[in-house]
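Asks: For reference, the structure I am asking about is given below.
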Amino acid sequence: MKFGPASPADAIGGVTVHTLRQGSLVLKKGTTIGPAEVEALTRAGVKDVVVVRLEDGDVSEDVAAAGIAQAVAGEGVNVERAFTGRANLFAAKAGVLVVDRAAVDRVNGVDEAITFATLTAFKPVVEGEMIATVKLIPFGVEATLRDAAVAAVNGGAMRIAPYTVKRVGIVSTLLPGLAPKVIEKTLRVTAERLAPAGAAIIAERRVPHDEGALAAAMEELLELGAELVIVFGASAIADRRDVIPAAIEHVGGAIEHFGMPVDPGNLLLIGNARGVPVLGAPGCARSPVENGFDWVLMRLLAGLKVTRADLTGMGVGGLLMEIVTRPQPRVPVGADGNRKVAAVILAAGRSTRMGGPNKLLAELGGKTLVRIVAEQALASKAAEVIVVTGHQAAEVEKSLGGLKVRLVRNPEFAAGLAGSVKAGISAVPEDVDAAVVCLGDMPLIDAQLIDRLIDAFAPDRGGLIVVPVSDGRRGNPVLWSRRFFSELMTLDGDIGARHLIARHGEAVAEVPVEGRGAFLDIDTPQALEAARLAPPQGVDG
C-alpha cells in the first residue's frame with residue numbers, strides 16, 4: 001500500500017487520508033479521488049493531497065474487516081456490512097456470549113493493522129445487542145494478513161448460547177427471625193432475574209432449615225420437572241457438611257464446588273442432583289444488585305456447564321463492588337462505647353405546611369421545638385451537636401442561646417432538604433465515625449433513643465446504618481457511618497436518603513421502638529397540637 005502526498009492530477013484512484021478544508025471545499029477522509037475531485041481541488045488552489053493507494057496483493061479496509069468478521073462469527077451472531085474499515089457483530093438471539101479468548105488473542109496478534117474487540121465473555125446479551133467489532137487501522141492491508149487472521153480463528157471465535165433452561169424450582173429454608181417479607185422479596189427478585197432468559201419459577205417451597213425437610217422439598221421439585229433448583233438458606237452455608245450440601249447428597253446428588261472468588265457471592269455452592277444443577281445461593285442473591293450469583297445463574301440457564309475451573313478462574317474482575325459492611329483501614333475505631341458519633345440537627349426548612357409561622361419556633365412547655373431536639377441531642381452520647389439553619393436563621397439560632405451547639409447555615413435552604421443534609425455532613429469533624437441525622441421538628445425524640453442508635457452502631461458487625469423501627473415502619477433519626485458520607489453529599493432537591501437505606505440493606509441495623517416519637521414530625525398545626533398532648537421528655541407538661 002502506497003501512502004503519501006500527490007498532486008490532484010496524480011492522486012486519481014487514491015483515497016484521502018485526512019479531511020481537507022480549504023475555502024468552500026470540504027473533502028472528507030476516505031474519499032476516492034476522481035476527475036470531479038481533481039477539478040474541485042485545483043479550483044480551490046490545493047497543490048498536494050495525502051492519499052493511499054492499494055497495490056497488487058492488497059485488500060481494502062472494508063473487504064478485510066468483513067472477511068475477518070465473518071470468520072469470527074459463530075452460531076447466533078450476525079455481521080453488519082463493513083464501513084470505514086469497521087465490521088460490527090450483533091447477537092441474533094438472547095443468550096450468553098461465549099468467547100474463545102485464545103482465538104481473539106490470535107487474531108489480534110496477526111498484525112497491528114487488525115483489531116478485534118468483544119464484550120466480556122459469558123455476558124448475558126439480548127437480541128440485537130452489539131457484541132464485538134473488527135476494525136482495520138489503515139485503509140487497506142495485504143491480503144495475506146487478512147487470510148492469516150481468518151486462519152487464526154479456526155472455525156469461529158464467538159457464539160451465543162441461547163437460554164434453554166426454562167423451569168426453575170425454589171426452596172427457601174426457615175429459621176426464627178426470618179421475616180416472610182424477606183422470602184417474598186427474594187422470590188420477586190429471582191423472578192426478575194429469570195425473566196430475560198424466558199425462565200420462570202414453576203414451584204416454590206418453604207421448609208425448616210433442616211436436612212431432611214430440605215431434601216424432601218428438593219425431591220418434590222425434581223419430580224415436578226424443575227430443570228434448575230435454587231436453595232435460599234435462612235443461614236449462610238458455612239461448610240460442605242452444612243444443611244444445604246448435606247440435603248443435596250441426601251437426594252443422591254453431588255457437590256461440585258463450594259465458594260467462589262467473586263465478591264459479593266463468595267458463599268455460592270453448586271451441585272447436581274439427577275442431572276439437574278442445584279445452586280445454594282449466597283445471601284447477596286436476595287438483592288437485585290449484580291453479584292457472583294448472576295454470573296453462574298445465567299450460564300446455567302443457557303445450558304452451559306459451570307466447572308470448578310470456571311469458578312476458580314473468576315477472581316480477576318471478581319471484586320464487583322466495595323462491601324460496605326467490611327471494615328475499612330481509614331482510622332481504627334475503638335470499642336463500641338468509644339466511637340465518636342455526632343448529632344446533626346436539620347433546622348433550615350421554611351415550614352410551608354404550617355401555613356405561615358416557623359414550626360421550629362413553635363413552643364412546647366415554654367421551649368421551641370428546635371431547642372427541645374437540641375437539648376436531647378446534647379444529653380445523649382453524641383460527641384458533638386451541629387445545627388443546620390437557613391430559613392429565619394437568626395431567630396432559630398437565638399432560640400438556641402446558651403446551648404453548646406455548633407451552628408452551620410445552609411444558604412440554599414429553599415432548594416430542599418438535601419442541601420441541609422449536605423451542609424450538616426460537611427461540618428462533621430474528620431475524627432468522627434458517624435452522624436445521627438435528626439429533624440428539628442421532631443420534639444418527641446429523646447436522648448435515650450439517640451443513645452440506643454449509637455449503641456447499635458457496630459461497624460465490625462456490619463451495623464453501619466441504624467434506624468428506629470416499629471411494626472416494620474422505619475422512622476427518624478437515622479445514624480449514618482462515615483462510610484456513606486460521600487453518598488449523602490450527592491443528594492439533591494427536597495429528597496432525603498431513604499433510597500440509600502434501601503440500596504444498602506445489608507448494612508442496616510434496626511432498633512425496635514415504641515410510641516410515636518420516631519414518627520411524629522410537626523408539619524401542620526394539627527401535628528403540633530398532637531405533640532402538645534404528649535409532651536416530650538424534659539418539657540413540663
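Chain lettering (A, B, ...) mirrors the order of the C-alpha cells, residue numbering begins at 1 for each chain separately, and ligand numbering begins at 1 in order of display.
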Can you pull out every residue from stretch 83-191 of chain A that DSSP, working from the backbone, puts in alpha helix (DSSP H), and format the result as a ChimeraX atom specification?

Replies: /A:101-110,143-153,180-191

Asks: With a distance cut-off of 7 Å and only C-alpha atoms, select the neighbouring residues of A:Ala447, excluding the residue or stretch itself and same-chain residues fewer than 4 positions from it, and output the selection as a ChimeraX atom specification.

Replies: /A:376-377,379-380,451

Asks: Considering only C-alpha atoms, give me a table of residues in stretch 39-76 of chain A that are at most 9 Å from stretch 152-155 of chain A, with the closest atom pair and distance in Å for each, as JSON lines.

Replies:
```
{"residue": "A:Ile68", "atom": "CA", "partner": "A:Val153", "partner_atom": "CA", "distance": 8.6}
{"residue": "A:Ala71", "atom": "CA", "partner": "A:Val153", "partner_atom": "CA", "distance": 6.7}
{"residue": "A:Val72", "atom": "CA", "partner": "A:Val153", "partner_atom": "CA", "distance": 6.0}
{"residue": "A:Ala73", "atom": "CA", "partner": "A:Gly155", "partner_atom": "CA", "distance": 8.6}
{"residue": "A:Gly74", "atom": "CA", "partner": "A:Gly155", "partner_atom": "CA", "distance": 7.8}
```

Asks: Given the choices A:Ala347, A:Val229, A:Gly472, A:Asp460, which gets closest to A:Pro180 if the distance is worked out from only C-alpha atoms?

Replies: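 Checking each of A:Ala347, A:Val229, A:Gly472, A:Asp460 against A:Pro180, counting only C-alpha atoms, the winner is A:Gly472.
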
Asks: Got a sec: who's within 7 Å of A:Val98, counting only C-alpha atoms, leaving out chain neighbours fewer than 3 positions off, as a PyMOL selection string?

Replies: chain A and resi 121-122+158-161

Asks: Store the residues picked out above in a file with N, CA and C atoms, as a short mmCIF file (atom, residue, chain, number, x, y, z; two decimals), in the first residue's frame.

Replies:
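See again-v3.cif below for the written result:
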```
data_model
loop_
_atom_site.label_atom_id
_atom_site.label_comp_id
_atom_site.auth_asym_id
_atom_site.auth_seq_id
_atom_site.Cartn_x
_atom_site.Cartn_y
_atom_site.Cartn_z
N ALA A 121 -16.57 -12.10 28.14
CA ALA A 121 -17.03 -13.47 27.95
C ALA A 121 -18.11 -13.81 28.98
N PHE A 122 -19.11 -14.55 28.54
CA PHE A 122 -20.23 -15.04 29.35
C PHE A 122 -21.18 -13.91 29.78
N MET A 158 -16.56 -16.75 18.53
CA MET A 158 -17.61 -16.37 19.46
C MET A 158 -18.96 -16.90 18.98
N ARG A 159 -19.82 -17.15 19.95
CA ARG A 159 -21.16 -17.62 19.64
C ARG A 159 -22.10 -17.20 20.76
N ILE A 160 -23.38 -17.29 20.49
CA ILE A 160 -24.39 -17.02 21.52
C ILE A 160 -24.99 -18.34 21.95
N ALA A 161 -24.85 -18.66 23.23
CA ALA A 161 -25.50 -19.85 23.78
C ALA A 161 -26.92 -19.44 24.19
#
```

Asks: Taking only residues of stretch 168-232 of chain A that have an atom at most 12 Å from an atom of stretch 281-305 of chain A, what is each one's shortest atom pair and its distance in Å to one decimal, using only C-alpha atoms, in chain and number order, as CSV?

Replies:
```
residue,atom,partner,partner_atom,distance
A:Val168,CA,A:Leu301,CA,9.4
A:Ile170,CA,A:Ala281,CA,10.4
A:Val171,CA,A:Ala281,CA,10.3
A:Ser172,CA,A:Ala281,CA,10.1
A:Thr173,CA,A:Ala281,CA,11.5
A:Lys181,CA,A:Arg286,CA,11.5
A:Val182,CA,A:Arg286,CA,8.2
A:Ile183,CA,A:Arg286,CA,8.5
A:Glu184,CA,A:Arg286,CA,9.9
A:Lys185,CA,A:Arg286,CA,7.4
A:Thr186,CA,A:Arg286,CA,4.9
A:Leu187,CA,A:Arg286,CA,8.2
A:Arg188,CA,A:Arg286,CA,9.2
A:Val189,CA,A:Pro288,CA,5.8
A:Thr190,CA,A:Arg286,CA,7.6
A:Ala191,CA,A:Pro288,CA,10.4
A:Glu192,CA,A:Pro288,CA,8.4
A:Arg193,CA,A:Pro288,CA,7.9
A:Leu194,CA,A:Met298,CA,8.3
A:Ala195,CA,A:Leu301,CA,10.8
A:Pro196,CA,A:Met298,CA,9.6
A:Ala197,CA,A:Leu301,CA,7.0
A:Gly198,CA,A:Leu301,CA,9.3
A:Ala199,CA,A:Leu301,CA,7.8
A:Ala200,CA,A:Leu301,CA,10.8
A:Ala226,CA,A:Leu301,CA,12.0
A:Glu227,CA,A:Leu301,CA,9.0
A:Leu228,CA,A:Leu300,CA,8.1
A:Val229,CA,A:Ala281,CA,10.1
A:Ile230,CA,A:Ala281,CA,6.6
A:Val231,CA,A:Ala281,CA,5.9
A:Phe232,CA,A:Ala281,CA,5.4
```

Asks: Between A:Val428, A:Val278, A:Met260, A:Val141, which one has atoms that come closest to A:Asp310, using only C-alpha atoms?

Replies: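 Among the listed residues, the smallest separation from A:Asp310 belongs to A:Met260.
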
Asks: What is the distance between atom CA of A:Gly505 and atom CA of A:Val344, in Å to one decimal?

Replies: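 Atom CA of A:Val344 lies at a distance of 22.4 Å from atom CA of A:Gly505.
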
Asks: List every residue of stretch 91-187 of chain A that DSSP, applied to the backbone, labels as strand (DSSP E), and write the result as a ChimeraX atom specification.

Replies: /A:91,95-99,114-118,124-125,130-136,140-142,158-162,167-174

Asks: Write out, as a compact mmCIF listing (two decimals), in the first residue's frame, the residues just selected, with C-alpha atoms.

Replies:
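Result saved to out.txt:
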```txt
# COMPACT_ATOMS: atom_id res chain seq x y z
CA ALA A 91 -26.39 -11.08 18.87
CA GLY A 95 -28.40 -15.74 25.43
CA VAL A 96 -24.93 -15.83 26.91
CA LEU A 97 -21.90 -14.71 24.91
CA VAL A 98 -19.30 -17.46 24.65
CA VAL A 99 -15.87 -16.24 23.55
CA ILE A 114 -6.05 -5.72 12.58
CA THR A 115 -8.02 -5.29 15.81
CA PHE A 116 -10.84 -7.44 17.22
CA ALA A 117 -12.72 -6.44 20.40
CA THR A 118 -15.58 -8.23 22.16
CA PRO A 124 -25.84 -12.13 29.08
CA VAL A 125 -26.97 -10.37 25.91
CA MET A 130 -23.64 -5.27 19.70
CA ILE A 131 -21.18 -7.87 20.99
CA ALA A 132 -17.95 -7.29 19.02
CA THR A 133 -16.22 -5.22 16.38
CA VAL A 134 -13.46 -5.83 13.86
CA LYS A 135 -11.59 -2.64 12.97
CA LEU A 136 -8.83 -2.19 10.40
CA GLY A 140 -6.06 -1.48 3.45
CA VAL A 141 -3.82 -4.44 4.25
CA GLU A 142 -2.02 -7.17 2.43
CA MET A 158 -17.61 -16.37 19.46
CA ARG A 159 -21.16 -17.62 19.64
CA ILE A 160 -24.39 -17.02 21.52
CA ALA A 161 -25.50 -19.85 23.78
CA PRO A 162 -29.31 -19.50 23.81
CA ARG A 167 -38.35 -24.41 34.58
CA VAL A 168 -36.87 -23.36 37.91
CA GLY A 169 -37.75 -24.63 41.37
CA ILE A 170 -37.06 -22.59 44.52
CA VAL A 171 -36.67 -23.78 48.10
CA SER A 172 -36.42 -21.31 50.97
CA THR A 173 -35.38 -22.64 54.37
CA LEU A 174 -36.75 -21.03 57.51
```

Asks: Given the choices A:Leu41, A:Met218, A:Leu224, A:Leu320, which gets closest to A:Ala246 if the distance is worked out from only C-alpha atoms?

Replies: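 Nearest to A:Ala246: A:Met218.
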
Asks: Give me, as a tab-separated table, each residue of stretch 55-122 of chain A that comes within 12 Å of stretch 15-33 of chain A, together with its shortest interatomic pair and the distance in Å at one decimal, counting only C-alpha atoms, with rows ordered by chain and rising residue number.

Replies:
```
residue	atom	partner	partner_atom	distance
A:Ser60	CA	A:Val15	CA	10.4
A:Glu61	CA	A:Gly30	CA	10.5
A:Asp62	CA	A:Gly30	CA	11.4
A:Phe83	CA	A:Gly30	CA	10.5
A:Thr84	CA	A:Gly30	CA	7.6
A:Gly85	CA	A:Gly30	CA	10.0
```

Asks: Might you pull out every residue within 9 Å of A:Leu175, with only C-alpha atoms counted and same-chain residues fewer than 6 positions away left off, and present them as a PDB file with N, CA and C atoms, in the first residue's frame?

Replies:
```
ATOM      1  N   PRO A 208     -38.395 -25.928  57.049  1.00  0.00           N
ATOM      2  CA  PRO A 208     -37.428 -25.644  58.116  1.00  0.00           C
ATOM      3  C   PRO A 208     -35.997 -25.838  57.624  1.00  0.00           C
ATOM      4  N   HIS A 209     -35.070 -25.133  58.262  1.00  0.00           N
ATOM      5  CA  HIS A 209     -33.645 -25.243  57.905  1.00  0.00           C
ATOM      6  C   HIS A 209     -33.113 -26.553  58.472  1.00  0.00           C
ATOM      7  N   ALA A 234     -31.871 -19.936  55.095  1.00  0.00           N
ATOM      8  CA  ALA A 234     -32.103 -18.937  56.137  1.00  0.00           C
ATOM      9  C   ALA A 234     -30.797 -18.574  56.823  1.00  0.00           C
ATOM     10  N   SER A 235     -29.827 -19.483  56.717  1.00  0.00           N
ATOM     11  CA  SER A 235     -28.496 -19.238  57.257  1.00  0.00           C
ATOM     12  C   SER A 235     -27.480 -19.544  56.157  1.00  0.00           C
TER      13      SER A 235
END
```

Asks: Work out how far atom CA of A:Pro277 is from atom CA of A:Val306, in Å to one decimal.

Replies: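 Taking atom CA of A:Val306 as the start and atom CA of A:Pro277 as the end point, the length is 9.5 Å.
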
Asks: Which residues come within 10 Å of A:Pro35, counting only C-alpha atoms, excluding same-chain residues fewer than 4 positions away, as an MDAnalysis selection string?

Replies: chainID A and resid 8:9 11:13 39:41

Asks: Rounded to one decimal, what separation in Å do you get between atom CA of A:Asn410 and atom CA of A:Gly390?

Replies: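 A separation of 5.1 Å between them.
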